[in-house]
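**Student:** My structure is stored as my_file.txt, with compact mmCIF, C-alpha atoms.
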# COMPACT_ATOMS: atom_id res chain seq x y z
CA MET A 19 5.48 53.86 58.25
CA THR A 20 8.61 56.08 57.94
CA LEU A 21 11.91 55.28 59.68
CA ARG A 22 14.67 57.71 60.40
CA LYS A 23 18.31 56.83 59.91
CA GLY A 24 19.64 54.73 62.78
CA GLU A 25 16.24 53.80 64.18
CA LYS A 26 15.31 50.18 64.75
CA THR A 27 11.84 48.76 64.61
CA THR A 28 10.03 45.46 64.94
CA ILE A 29 7.53 44.30 62.36
CA SER A 30 4.95 41.69 63.17
CA ILE A 31 4.36 38.68 60.97
CA GLN A 32 0.92 39.98 60.07
CA GLU A 33 2.43 43.27 58.89
CA HIS A 34 5.13 41.39 56.97
CA MET A 35 2.56 39.35 55.08
CA ALA A 36 0.70 42.53 54.19
CA ILE A 37 3.74 44.06 52.50
CA ASP A 38 3.74 43.69 48.74
CA VAL A 39 6.99 42.69 47.04
CA CYS A 40 6.82 45.83 44.92
CA PRO A 41 7.32 49.32 46.38
CA GLY A 42 4.18 51.32 46.89
CA PRO A 43 1.25 51.44 49.23
CA ILE A 44 0.48 48.38 51.29
CA LYS A 45 -2.27 46.19 49.88
CA PRO A 46 -3.64 42.86 51.07
CA ILE A 47 -3.14 39.62 49.13
CA LYS A 48 -6.46 38.27 47.91
CA GLN A 49 -5.26 34.78 46.99
CA ILE A 50 -2.06 32.82 47.05
CA SER A 51 -1.84 32.79 43.27
CA ASP A 52 -1.23 36.55 43.42
CA TYR A 53 1.92 35.83 45.38
CA PHE A 54 3.04 33.03 43.05
CA PRO A 55 2.10 34.34 39.61
CA ARG A 56 1.65 31.78 36.85
CA PHE A 57 3.82 31.80 33.83
CA PRO A 58 2.02 31.87 30.49
CA ARG A 59 1.39 28.53 28.87
CA GLY A 60 2.79 27.62 25.51
CA LEU A 61 6.41 28.69 25.91
CA PRO A 62 8.58 27.24 23.17
CA ALA A 63 10.49 24.11 24.06
CA ALA A 64 13.82 25.92 23.72
CA VAL A 65 12.96 28.52 26.38
CA GLY A 66 12.88 27.70 30.11
CA ARG A 67 10.84 29.45 32.78
CA SER A 68 13.75 31.69 33.63
CA GLY A 69 13.75 32.95 30.05
CA ALA A 70 17.19 31.53 29.37
CA LEU A 71 17.68 29.94 25.98
CA ARG A 72 18.00 26.13 26.05
CA PRO A 73 18.72 23.58 23.36
CA ALA A 74 15.50 22.02 22.06
CA VAL A 75 15.05 18.41 23.12
CA THR A 76 12.48 16.12 21.54
CA GLN A 77 10.07 15.04 24.24
CA PRO A 78 8.82 11.43 24.22
CA SER A 79 5.14 11.04 23.50
CA VAL A 80 2.94 10.43 26.55
CA SER A 81 -0.24 8.43 26.46
CA PRO A 82 -3.43 10.10 27.77
CA ALA A 83 -3.33 7.87 30.82
CA GLU A 84 0.19 9.02 31.71
CA ALA A 85 -0.30 12.71 30.94
CA PRO A 86 -0.58 14.93 34.07
CA ARG A 87 -3.96 16.45 34.78
CA GLU A 88 -4.43 20.19 34.54
CA GLU A 89 -5.17 20.44 38.27
CA ASP A 90 -1.87 18.68 39.01
CA GLU A 91 -0.05 21.18 36.81
CA ASP A 92 -1.55 24.03 38.81
CA VAL A 93 -0.43 22.56 42.12
CA ASP A 94 3.03 21.89 40.74
CA GLN A 95 3.32 25.46 39.57
CA LEU A 96 2.29 26.80 42.98
CA PHE A 97 4.15 24.47 45.33
CA GLY A 98 6.38 22.24 43.23
CA ALA A 99 9.28 24.70 43.45
CA TYR A 100 9.27 24.81 47.24
CA GLY A 101 12.75 24.05 48.55
CA THR A 102 14.48 24.38 45.18
CA THR A 103 16.22 27.17 43.46
CA PRO A 104 14.94 28.47 40.13
CA ALA A 105 17.91 26.92 38.32
CA GLU A 106 16.98 23.49 39.67
CA GLN A 107 13.36 23.68 38.58
CA PRO A 108 12.66 21.69 35.40
CA ALA A 109 11.19 23.75 32.62
CA LYS A 110 7.52 22.92 32.05
CA CYS A 111 5.87 23.62 28.76
CA GLN A 112 2.67 22.79 26.97
CA ALA A 113 2.47 19.31 25.46
CA PRO A 114 3.55 19.46 21.80
CA GLU A 115 0.95 19.03 19.11
CA GLU A 116 0.63 15.58 17.68
CA VAL A 117 3.06 15.20 14.78
CA VAL A 118 2.07 12.93 11.95
CA ASP A 119 4.83 10.52 11.11
CA PRO A 120 5.46 10.87 7.37
CA GLU A 121 5.86 7.08 7.26
CA GLY A 122 2.87 6.52 9.49
CA TYR A 123 -0.75 5.79 8.90
CA GLU A 124 -3.24 8.02 7.19
CA SER A 125 -6.51 6.97 8.80
CA ASP A 126 -7.98 5.37 11.88
CA ASP A 127 -8.40 2.08 10.03
CA CYS A 128 -4.74 2.08 9.07
CA THR A 129 -3.73 2.81 12.63
CA THR A 130 -5.98 0.03 13.91
CA LEU A 131 -5.10 -2.81 11.53
CA GLY A 132 -1.93 -1.70 9.71
CA THR A 133 -0.78 -1.27 6.12
CA LEU A 134 0.54 -3.61 3.42
CA ASP A 135 2.75 -2.90 0.39
CA PHE A 136 2.63 -5.31 -2.55
CA SER A 137 2.61 -5.46 -6.36
CA LEU A 138 0.71 -7.52 -8.94
CA LEU A 139 1.67 -8.52 -12.49
CA TYR A 140 -0.45 -10.49 -14.95
CA ASP A 141 1.85 -12.29 -17.41
CA GLN A 142 -0.63 -12.80 -20.22
CA GLU A 143 1.65 -14.86 -22.46
CA ASN A 144 2.42 -17.42 -19.75
CA ASN A 145 -1.00 -17.28 -18.06
CA ALA A 146 0.55 -16.40 -14.71
CA LEU A 147 -0.33 -13.93 -11.97
CA HIS A 148 2.73 -12.83 -9.97
CA CYS A 149 2.05 -11.40 -6.50
CA THR A 150 5.03 -9.80 -4.79
CA ILE A 151 4.50 -9.18 -1.07
CA ASN A 152 6.91 -6.46 0.02
CA LYS A 153 6.31 -5.27 3.58
CA ALA A 154 3.72 -4.45 6.21
CA LYS A 155 3.41 -2.06 9.15
CA LEU A 156 1.31 -3.55 11.91
CA PRO A 157 -0.15 -1.77 14.94
CA LYS A 158 0.97 -2.17 18.50
CA LEU A 159 -1.39 -3.98 20.82
CA ASP A 160 -4.18 -1.63 21.88
CA TYR A 161 -7.05 -3.10 23.90
CA LYS A 162 -8.97 0.20 23.68
CA LYS A 163 -9.30 -0.27 19.93
CA GLY A 164 -10.52 -3.84 20.29
CA LEU A 165 -7.46 -5.55 18.85
CA LYS A 166 -7.00 -9.19 19.74
CA PRO A 167 -3.83 -9.98 21.69
CA MET A 168 -1.03 -11.29 19.55
CA ASP A 169 2.09 -12.45 21.40
CA HIS A 170 2.73 -11.75 25.07
CA ASN A 171 5.59 -9.43 24.11
CA GLY A 172 3.26 -7.21 22.07
CA LEU A 173 4.84 -8.36 18.78
CA ALA A 174 3.61 -10.76 16.11
CA ASP A 175 4.73 -13.63 13.87
CA PRO A 176 3.10 -12.40 10.65
CA TYR A 177 2.61 -14.10 7.31
CA VAL A 178 0.52 -13.24 4.22
CA LYS A 179 -2.05 -15.57 2.65
CA LEU A 180 -3.45 -15.27 -0.88
CA HIS A 181 -6.80 -16.65 -2.04
CA LEU A 182 -8.49 -16.35 -5.43
CA LEU A 183 -12.25 -15.80 -5.28
CA PRO A 184 -14.43 -17.51 -6.29
CA GLY A 185 -12.77 -20.89 -5.96
CA ALA A 186 -11.95 -23.76 -3.64
CA SER A 187 -9.86 -22.36 -0.81
CA LYS A 188 -7.16 -25.05 -0.67
CA ALA A 189 -6.61 -25.03 -4.42
CA ASN A 190 -6.36 -21.25 -4.63
CA LYS A 191 -4.40 -20.56 -1.46
CA LEU A 192 -0.76 -19.46 -1.38
CA ARG A 193 1.21 -18.05 1.56
CA THR A 194 4.49 -16.39 2.39
CA LYS A 195 7.00 -17.53 4.96
CA THR A 196 6.44 -16.46 8.58
CA LEU A 197 8.57 -13.70 10.07
CA HIS A 198 8.96 -13.81 13.85
CA ASN A 199 8.73 -11.15 16.57
CA THR A 200 8.11 -8.08 14.42
CA LEU A 201 5.49 -5.44 13.71
CA ASN A 202 7.36 -4.25 10.59
CA PRO A 203 7.85 -7.41 8.51
CA THR A 204 9.63 -7.29 5.15
CA TRP A 205 9.08 -10.35 2.96
CA ASN A 206 10.01 -9.32 -0.60
CA GLU A 207 8.54 -12.67 -1.65
CA THR A 208 6.81 -13.45 -4.96
CA LEU A 209 3.93 -15.93 -5.07
CA THR A 210 2.62 -17.08 -8.47
CA TYR A 211 -0.73 -18.39 -9.65
CA TYR A 212 -0.42 -20.46 -12.82
CA GLY A 213 -3.14 -21.18 -15.35
CA ILE A 214 -4.71 -17.73 -15.09
CA THR A 215 -6.73 -16.79 -18.17
CA ASP A 216 -8.14 -13.52 -19.49
CA GLU A 217 -11.55 -14.70 -18.30
CA ASP A 218 -10.17 -15.11 -14.77
CA MET A 219 -8.84 -11.57 -14.88
CA ILE A 220 -12.35 -10.32 -15.58
CA ARG A 221 -14.33 -12.29 -13.00
CA LYS A 222 -11.95 -13.17 -10.16
CA THR A 223 -10.82 -11.24 -7.08
CA LEU A 224 -7.58 -11.66 -5.16
CA ARG A 225 -8.00 -11.75 -1.39
CA ILE A 226 -4.84 -10.88 0.57
CA SER A 227 -4.87 -11.59 4.31
CA VAL A 228 -2.27 -10.85 6.98
CA CYS A 229 -2.26 -13.30 9.89
CA ASP A 230 -0.29 -13.93 13.07
CA GLU A 231 1.05 -17.47 13.38
CA ASP A 232 0.56 -19.19 16.74
CA LYS A 233 2.02 -22.63 17.40
CA PHE A 234 -0.19 -23.36 20.38
CA ARG A 235 -3.50 -21.81 19.30
CA HIS A 236 -5.33 -20.99 16.10
CA ASN A 237 -3.57 -18.42 13.94
CA GLU A 238 -4.93 -14.92 14.48
CA PHE A 239 -6.40 -12.86 11.65
CA ILE A 240 -4.98 -9.29 11.54
CA GLY A 241 -6.46 -7.70 8.42
CA GLU A 242 -7.16 -8.16 4.72
CA THR A 243 -7.73 -6.44 1.39
CA ARG A 244 -9.39 -7.54 -1.86
CA ILE A 245 -8.27 -6.58 -5.36
CA PRO A 246 -10.54 -7.23 -8.38
CA LEU A 247 -8.17 -8.57 -11.05
CA LYS A 248 -9.94 -6.52 -13.72
CA LYS A 249 -8.06 -3.51 -12.31
CA LEU A 250 -4.80 -4.92 -13.71
CA LYS A 251 -3.52 -4.35 -17.22
CA PRO A 252 -1.76 -7.27 -18.94
CA ASN A 253 2.04 -7.28 -18.62
CA GLN A 254 2.11 -4.14 -16.45
CA THR A 255 3.19 -4.22 -12.81
CA LYS A 256 0.83 -2.36 -10.48
CA ASN A 257 2.04 -1.31 -7.01
CA PHE A 258 -0.27 -1.08 -4.01
CA SER A 259 0.10 0.46 -0.55
CA ILE A 260 -3.19 -0.14 1.23
CA CYS A 261 -4.82 -0.04 4.65
CA LEU A 262 -5.86 -3.44 5.94
CA GLU A 263 -9.57 -3.94 6.59
CA LYS A 264 -11.60 -6.12 8.90
CA GLN A 265 -12.47 -9.62 7.73
CA LEU A 266 -15.25 -9.67 5.16
CA PRO A 267 -17.63 -12.60 4.69
CA ILE A 268 -17.14 -14.87 1.67
CA ASP A 269 -20.20 -15.39 -0.49
CA LYS A 270 -21.22 -19.01 0.02
CA THR A 271 -23.92 -18.77 -2.65
CA GLU A 272 -21.56 -18.21 -5.56
CA ASP A 273 -22.59 -19.68 -8.89
CA LYS A 274 -21.86 -23.42 -8.86
CA SER A 275 -21.46 -23.35 -12.63
CA LEU A 276 -18.19 -21.49 -12.06
CA GLU A 277 -16.72 -24.38 -10.09
CA GLU A 278 -13.87 -26.19 -11.83
CA ARG A 279 -12.03 -29.44 -11.36
CA GLY A 280 -8.73 -27.73 -12.04
CA ARG A 281 -6.46 -26.86 -14.96
CA ILE A 282 -3.58 -28.52 -16.73
CA LEU A 283 -0.69 -27.14 -18.77
CA ILE A 284 0.08 -29.36 -21.77
CA SER A 285 2.73 -29.08 -24.49
CA LEU A 286 2.36 -30.70 -27.93
CA LYS A 287 5.05 -31.16 -30.57
CA TYR A 288 5.30 -33.39 -33.60
CA SER A 289 8.97 -34.38 -33.90
CA SER A 290 10.17 -35.14 -37.45
CA GLN A 291 13.34 -36.62 -36.00
CA LYS A 292 11.53 -39.09 -33.73
CA GLN A 293 8.62 -39.56 -36.11
CA GLY A 294 6.20 -39.16 -33.26
CA LEU A 295 4.00 -36.93 -31.13
CA LEU A 296 5.64 -35.56 -27.97
CA VAL A 297 3.12 -34.89 -25.19
CA GLY A 298 4.38 -32.87 -22.26
CA ILE A 299 2.59 -32.84 -18.91
CA ILE A 300 3.99 -29.73 -17.29
CA ARG A 301 1.81 -28.90 -14.31
CA CYS A 302 -1.70 -28.65 -12.90
CA ALA A 303 -3.31 -25.83 -10.96
CA HIS A 304 -6.31 -25.41 -8.64
CA LEU A 305 -7.18 -29.12 -8.62
CA ALA A 306 -10.26 -30.31 -6.76
CA ALA A 307 -9.51 -31.71 -3.31
CA MET A 308 -10.37 -35.40 -3.06
CA ASP A 309 -8.92 -36.36 0.32
CA ALA A 310 -10.21 -35.64 3.83
CA ASN A 311 -7.21 -33.41 4.56
CA GLY A 312 -8.34 -30.98 1.87
CA TYR A 313 -5.68 -32.02 -0.64
CA SER A 314 -5.09 -34.68 -3.31
CA ASP A 315 -2.22 -36.95 -4.35
CA PRO A 316 -2.46 -36.31 -8.09
CA TYR A 317 -0.97 -37.99 -11.11
CA VAL A 318 -1.77 -37.79 -14.85
CA LYS A 319 -2.52 -40.46 -17.47
CA THR A 320 -2.50 -40.01 -21.27
CA TYR A 321 -4.07 -42.09 -24.05
CA LEU A 322 -3.88 -41.72 -27.81
CA LYS A 323 -7.12 -43.19 -29.21
CA PRO A 324 -8.32 -45.23 -30.94
CA ASP A 325 -5.94 -47.64 -29.22
CA GLU A 326 -6.57 -51.15 -30.46
CA ASP A 327 -3.43 -52.60 -28.83
CA LYS A 328 -4.06 -50.94 -25.44
CA LYS A 329 -0.44 -49.75 -25.41
CA SER A 330 -0.86 -46.01 -25.58
CA LYS A 331 -1.23 -45.39 -21.84
CA HIS A 332 1.45 -43.31 -20.12
CA LYS A 333 1.43 -42.22 -16.51
CA THR A 334 3.30 -39.56 -14.52
CA ALA A 335 4.68 -39.88 -11.02
CA VAL A 336 2.37 -39.22 -8.05
CA LYS A 337 2.74 -35.86 -6.29
CA LYS A 338 1.81 -36.05 -2.63
CA LYS A 339 -0.58 -33.69 -0.83
CA THR A 340 -0.89 -30.87 -3.33
CA LEU A 341 -3.48 -29.19 -5.50
CA ASN A 342 -0.88 -27.45 -7.68
CA PRO A 343 1.49 -30.22 -8.75
CA GLU A 344 4.44 -29.75 -11.10
CA PHE A 345 5.34 -32.78 -13.23
CA ASN A 346 7.52 -31.73 -16.20
CA GLU A 347 7.28 -35.15 -17.83
CA GLU A 348 7.16 -35.91 -21.55
CA PHE A 349 5.86 -38.97 -23.44
CA CYS A 350 6.39 -39.97 -27.07
CA TYR A 351 3.83 -41.65 -29.33
CA GLU A 352 5.38 -43.05 -32.48
CA ILE A 353 2.97 -42.20 -35.29
CA LYS A 354 3.04 -40.81 -38.77
CA HIS A 355 2.16 -37.17 -39.04
CA GLY A 356 -0.67 -37.87 -41.49
CA ASP A 357 -2.35 -40.27 -39.05
CA LEU A 358 -2.69 -37.70 -36.26
CA ALA A 359 -5.80 -36.18 -37.85
CA LYS A 360 -7.62 -39.42 -37.07
CA LYS A 361 -6.48 -39.61 -33.46
CA THR A 362 -7.75 -38.20 -30.18
CA LEU A 363 -5.55 -37.43 -27.19
CA GLU A 364 -7.23 -38.07 -23.85
CA ILE A 365 -5.60 -36.74 -20.68
CA THR A 366 -6.98 -37.55 -17.23
CA VAL A 367 -5.95 -36.46 -13.73
CA TRP A 368 -6.37 -38.82 -10.78
CA ASP A 369 -6.02 -38.82 -7.01
CA TYR A 370 -3.92 -41.73 -5.79
CA ASP A 371 -5.33 -43.69 -2.84
CA ILE A 372 -3.80 -46.63 -0.99
CA GLY A 373 -6.01 -49.67 -0.51
CA LYS A 374 -8.93 -48.42 -2.58
CA SER A 375 -9.83 -47.20 -6.05
CA ASN A 376 -8.19 -44.01 -7.18
CA ASP A 377 -10.45 -40.96 -7.54
CA PHE A 378 -11.03 -39.28 -10.88
CA ILE A 379 -10.38 -35.52 -10.62
CA GLY A 380 -10.90 -34.33 -14.20
CA GLY A 381 -9.85 -34.63 -17.81
CA VAL A 382 -9.51 -33.00 -21.20
CA VAL A 383 -9.75 -34.24 -24.81
CA LEU A 384 -7.65 -32.83 -27.67
CA GLY A 385 -8.35 -33.80 -31.27
CA ILE A 386 -10.12 -33.02 -34.49
CA ASN A 387 -13.53 -33.38 -32.80
CA ALA A 388 -12.70 -31.08 -29.90
CA LYS A 389 -13.89 -27.48 -29.64
CA GLY A 390 -12.53 -24.09 -28.74
CA GLU A 391 -8.99 -23.89 -27.33
CA ARG A 392 -8.65 -27.69 -27.33
CA LEU A 393 -9.27 -27.88 -31.08
CA LYS A 394 -7.01 -24.88 -31.74
CA HIS A 395 -4.17 -26.44 -29.75
CA TRP A 396 -4.40 -29.69 -31.72
CA PHE A 397 -4.64 -27.88 -35.05
CA ASP A 398 -1.63 -25.65 -34.26
CA CYS A 399 0.41 -28.75 -33.44
CA LEU A 400 -0.43 -30.41 -36.76
CA LYS A 401 0.28 -27.24 -38.70
CA ASN A 402 3.66 -26.46 -37.05
CA LYS A 403 5.98 -29.45 -37.16
CA ASP A 404 8.93 -29.46 -34.71
CA LYS A 405 7.48 -26.55 -32.74
CA LYS A 406 6.47 -27.02 -29.11
CA ILE A 407 3.16 -25.40 -28.30
CA GLU A 408 2.01 -25.00 -24.70
CA ARG A 409 -1.57 -24.30 -23.65
CA TRP A 410 -3.62 -24.31 -20.45
CA HIS A 411 -6.84 -26.32 -20.50
CA THR A 412 -9.71 -26.53 -18.04
CA LEU A 413 -10.45 -30.00 -16.70
CA THR A 414 -14.01 -31.29 -16.90
CA ASN A 415 -15.59 -33.82 -14.56
CA GLU A 416 -16.97 -35.82 -17.48
CA LEU A 417 -14.77 -37.23 -20.22
CA PRO A 418 -16.58 -38.78 -23.20
CA GLY A 419 -15.17 -42.15 -24.20
CA ALA A 420 -12.91 -42.47 -21.16
CA VAL A 421 -13.00 -45.33 -18.72
CA LEU A 422 -13.40 -43.66 -15.32
CA SER A 423 -11.42 -46.23 -13.39
CA ASP A 424 -7.72 -46.79 -13.05
Would you put the structure from the file into structure tokens?
**Tutor:**
Amino acid sequence: MTLRKGEKTTISIQEHMAIDVCPGPIKPIKQISDYFPRFPRGLPAAVGRSGALRPAVTQPSVSPAEAPREEDEDVDQLFGAYGTTPAEQPAKCQAPEEVVDPEGYESDDCTTLGTLDFSLLYDQENNALHCTINKAKLPKLDYKKGLKPMDHNGLADPYVKLHLLPGASKANKLRTKTLHNTLNPTWNETLTYYGITDEDMIRKTLRISVCDEDKFRHNEFIGETRIPLKKLKPNQTKNFSICLEKQLPIDKTEDKSLEERGRILISLKYSSQKQGLLVGIIRCAHLAAMDANGYSDPYVKTYLKPDEDKKSKHKTAVKKKTLNPEFNEEFCYEIKHGDLAKKTLEITVWDYDIGKSNDFIGGVVLGINAKGERLKHWFDCLKNKDKKIERWHTLTNELPGAVLSD
């Protein structure tokens, strides 16, 4: 249709809708999307729909449940701008690719149960295993991944528990303090096992568990890891950053011959000044539990035999409710150095009970008729006057020549 200058005309609505926005021959609109063309997906975050340059803003991550559906995006693109000017329309762009946090997890297991940083050191000279628990990164509550609820606020009250396998759980269990309301606990706490021998380092495994403390219910297990001690080199600190695993079963059929009554750290010194043998009872470790609560109330007795006058008995103080008591007590037996070769030192550990007979836990015999480390300890004492010599000894449940009553 051609209009001359000055002429007026009336165009019907139907004709108006048939006019294309671009000059040229009239053509019908096949679908509404031809009238509202889509913008290409994947525009960079710094560029809006108008093409104007914008400062890049980090978008918060959106869970799959909160993310808009593709059909909703289409409707928004077609009708969402109705009644607004282009400047007022928020720029829409494709969801950014998932960015891996450099401090985050590296696998699904890590994401599910968390990570733990710690270090281990075997002090061979002092027969000690030092376990330093540094920090952990625990997951947020996620029912889809089957995690048990922790606290109602989605946080936890975590602590770390150590357990040497095989062995009695109470005697071999250590734990850190509890940190409250956190998923990123930092302990920087060192726990030490005493009385650890080279044999232990070959055959034992350290189990490290992370748990959530609950005052009103049972504590919740979060995750664990197990480190064979043979992986450690003596006197060298080894650092670990590991993914926690699901709880593994403990072998209940472990060799009963490996069971022990506990260990005791003893010092011997022949003092020329005091003209006597100084016997030091320093500490015990991993004692057998004798009470119903899973602990013992241990104390130690010493005898120097033969003891015709029945005056050689010494006794330490009682330590309540512990399987790893520390005594640091010393007793003196006045005796000539030459007579020690004829003597035997008997050391017994007992569990104190009120109102009934005390329970025998275990004992050890040092003397010229002993064997192995017990004989070597006695011999080194006789050979090195005025030198204190400390050694760990394994307690046995049978003590030849001892009276098993208190």
**Student:** List the neighbours of region 324-327 of chain A out to 9 Å using only C-alpha atoms; skip same-chain residues closer than 2 positions along the sequence, and give me the result as a ChimeraX atom specification.
**Tutor:** /A:321-322,329-330,360-362
**Student:** Which is closer to Glu207 (chain A) than all the others in A:Ile240, A:Cys149, A:Ala154, A:Leu183, using all atoms listed in the file?
**Tutor:**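 Ranking A:Ile240, A:Cys149, A:Ala154, A:Leu183 by distance to Glu207 (chain A), first place goes to A:Cys149.
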**Student:** I want to know what sits within 10 Å of Asn342 (chain A), based on all atoms listed in the file, with residues of the same chain fewer than 3 positions away left out; could you give that as JSON, numbers by chain?
**Tutor:** {"A": [188, 189, 190, 191, 211, 212, 280, 281, 282, 301, 302, 303, 304, 305, 306, 313, 314, 316, 337, 339, 345]}
**Student:** Selected residues, C-alpha atoms, written as a PDB file, keeping the file's coordinate frame, please.
**Tutor:**
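result.pdb, written as the output of this step:
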ATOM      1  CA  LYS A 188      -7.160 -25.050  -0.670  1.00  0.00           C
ATOM      2  CA  ALA A 189      -6.610 -25.030  -4.420  1.00  0.00           C
ATOM      3  CA  ASN A 190      -6.360 -21.250  -4.630  1.00  0.00           C
ATOM      4  CA  LYS A 191      -4.400 -20.560  -1.460  1.00  0.00           C
ATOM      5  CA  TYR A 211      -0.730 -18.390  -9.650  1.00  0.00           C
ATOM      6  CA  TYR A 212      -0.420 -20.460 -12.820  1.00  0.00           C
ATOM      7  CA  GLY A 280      -8.730 -27.730 -12.040  1.00  0.00           C
ATOM      8  CA  ARG A 281      -6.460 -26.860 -14.960  1.00  0.00           C
ATOM      9  CA  ILE A 282      -3.580 -28.520 -16.730  1.00  0.00           C
ATOM     10  CA  ARG A 301       1.810 -28.900 -14.310  1.00  0.00           C
ATOM     11  CA  CYS A 302      -1.700 -28.650 -12.900  1.00  0.00           C
ATOM     12  CA  ALA A 303      -3.310 -25.830 -10.960  1.00  0.00           C
ATOM     13  CA  HIS A 304      -6.310 -25.410  -8.640  1.00  0.00           C
ATOM     14  CA  LEU A 305      -7.180 -29.120  -8.620  1.00  0.00           C
ATOM     15  CA  ALA A 306     -10.260 -30.310  -6.760  1.00  0.00           C
ATOM     16  CA  TYR A 313      -5.680 -32.020  -0.640  1.00  0.00           C
ATOM     17  CA  SER A 314      -5.090 -34.680  -3.310  1.00  0.00           C
ATOM     18  CA  PRO A 316      -2.460 -36.310  -8.090  1.00  0.00           C
ATOM     19  CA  LYS A 337       2.740 -35.860  -6.290  1.00  0.00           C
ATOM     20  CA  LYS A 339      -0.580 -33.690  -0.830  1.00  0.00           C
ATOM     21  CA  PHE A 345       5.340 -32.780 -13.230  1.00  0.00           C
TER      22      PHE A 345
END
**Student:** Rounded to one decimal in Å, what is the spacing between CA of Val336 (chain A) and CA of Gly185 (chain A)?
**Tutor:**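 Answer for the CA of Val336 (chain A) to CA of Gly185 (chain A) separation: 23.9 Å.
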**Student:** Would you compute the distance between CA of Leu413 (chain A) and CA of Gly380 (chain A)? Give it in Å to one decimal.
**Tutor:**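 Separating CA of Leu413 (chain A) from CA of Gly380 (chain A) is a distance of 5.0 Å.
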**Student:** I need the residue nearest Thr334 (chain A) from this list: A:Asn311, A:Thr366, A:Asn206, A:Ser289. Use all atoms listed in the file for the distance.
**Tutor:** A:Thr366
**Student:** Fewer than 5 positions away in the same chain doesn't count, so skip those; otherwise give me all residues within 9 Å of Arg225 (chain A), counting only C-alpha atoms, as a VMD selection string.
**Tutor:** chain A and resid 179 to 183 242 to 246
**Student:** Rounded to one decimal in Å, what is the spacing between CA of Lys264 (chain A) and CA of Gly241 (chain A)?
**Tutor:**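 That distance, rounded to one decimal, is 5.4 Å.
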**Student:** Which residues are close to Lys287 (chain A), i.e. within 8 Å by all atoms listed in the file, leaving aside same-chain residues fewer than 5 positions away? Reply as a PDB file with C-alpha atoms, in the coordinates of the input.
**Tutor:**
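Now in result22.pdb:
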ATOM      1  CA  LEU A 295       4.000 -36.930 -31.130  1.00  0.00           C
ATOM      2  CA  LEU A 296       5.640 -35.560 -27.970  1.00  0.00           C
ATOM      3  CA  VAL A 297       3.120 -34.890 -25.190  1.00  0.00           C
ATOM      4  CA  CYS A 399       0.410 -28.750 -33.440  1.00  0.00           C
ATOM      5  CA  LYS A 403       5.980 -29.450 -37.160  1.00  0.00           C
ATOM      6  CA  ASP A 404       8.930 -29.460 -34.710  1.00  0.00           C
ATOM      7  CA  LYS A 405       7.480 -26.550 -32.740  1.00  0.00           C
ATOM      8  CA  LYS A 406       6.470 -27.020 -29.110  1.00  0.00           C
ATOM      9  CA  ILE A 407       3.160 -25.400 -28.300  1.00  0.00           C
TER      10      ILE A 407
END
**Student:** Which residues are close to His332 (chain A), i.e. within 12 Å by all atoms listed in the file, leaving aside same-chain residues fewer than 3 positions away? Reply as a PyMOL selection string.
**Tutor:** chain A and resi 296-299+317-322+328-329+335+347-351+363-367
**Student:** Around the point (-1.9, -6.9, -22.6) in the file's coordinates, collect all residues with an atom within 10 Å, using all atoms listed in the file, and return them as a PyMOL selection string.
**Tutor:** chain A and resi 140-143+216+250-254
**Student:** Deliver the residues from the most recent selection as a file, using C-alpha atoms, as an mmCIF file, in the frame of the given file.
**Tutor:**
data_model
loop_
_atom_site.group_PDB
_atom_site.id
_atom_site.type_symbol
_atom_site.label_atom_id
_atom_site.label_comp_id
_atom_site.auth_asym_id
_atom_site.auth_seq_id
_atom_site.Cartn_x
_atom_site.Cartn_y
_atom_site.Cartn_z
ATOM 1 C CA TYR A 140 -0.450 -10.490 -14.950
ATOM 2 C CA ASP A 141 1.850 -12.290 -17.410
ATOM 3 C CA GLN A 142 -0.630 -12.800 -20.220
ATOM 4 C CA GLU A 143 1.650 -14.860 -22.460
ATOM 5 C CA ASP A 216 -8.140 -13.520 -19.490
ATOM 6 C CA LEU A 250 -4.800 -4.920 -13.710
ATOM 7 C CA LYS A 251 -3.520 -4.350 -17.220
ATOM 8 C CA PRO A 252 -1.760 -7.270 -18.940
ATOM 9 C CA ASN A 253 2.040 -7.280 -18.620
ATOM 10 C CA GLN A 254 2.110 -4.140 -16.450
#
**Student:** So which one's closest to Met308 (chain A), A:Arg279, A:Lys153, A:Lys389, A:Lys195? Using only C-alpha atoms, please.
**Tutor:**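 Counting only C-alpha atoms, the residue closest to Met308 (chain A) is A:Arg279.
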**Student:** So that all listed atoms of region 411-416 of chain A fit with 3 Å spare on each side, what axis-aligned box centre and edge lengths in Å, to one decimal, would you give as JSON?
**Tutor:**
{"center_x": -11.9, "center_y": -31.1, "center_z": -17.5, "size_x": 16.1, "size_y": 15.5, "size_z": 11.9}
**Student:** Taking only C-alpha atoms into account, name the residue in A:Gly312, A:Gly381, A:Gly172, A:Gly356 that is nearest to Trp368 (chain A).
**Tutor:** A:Gly381
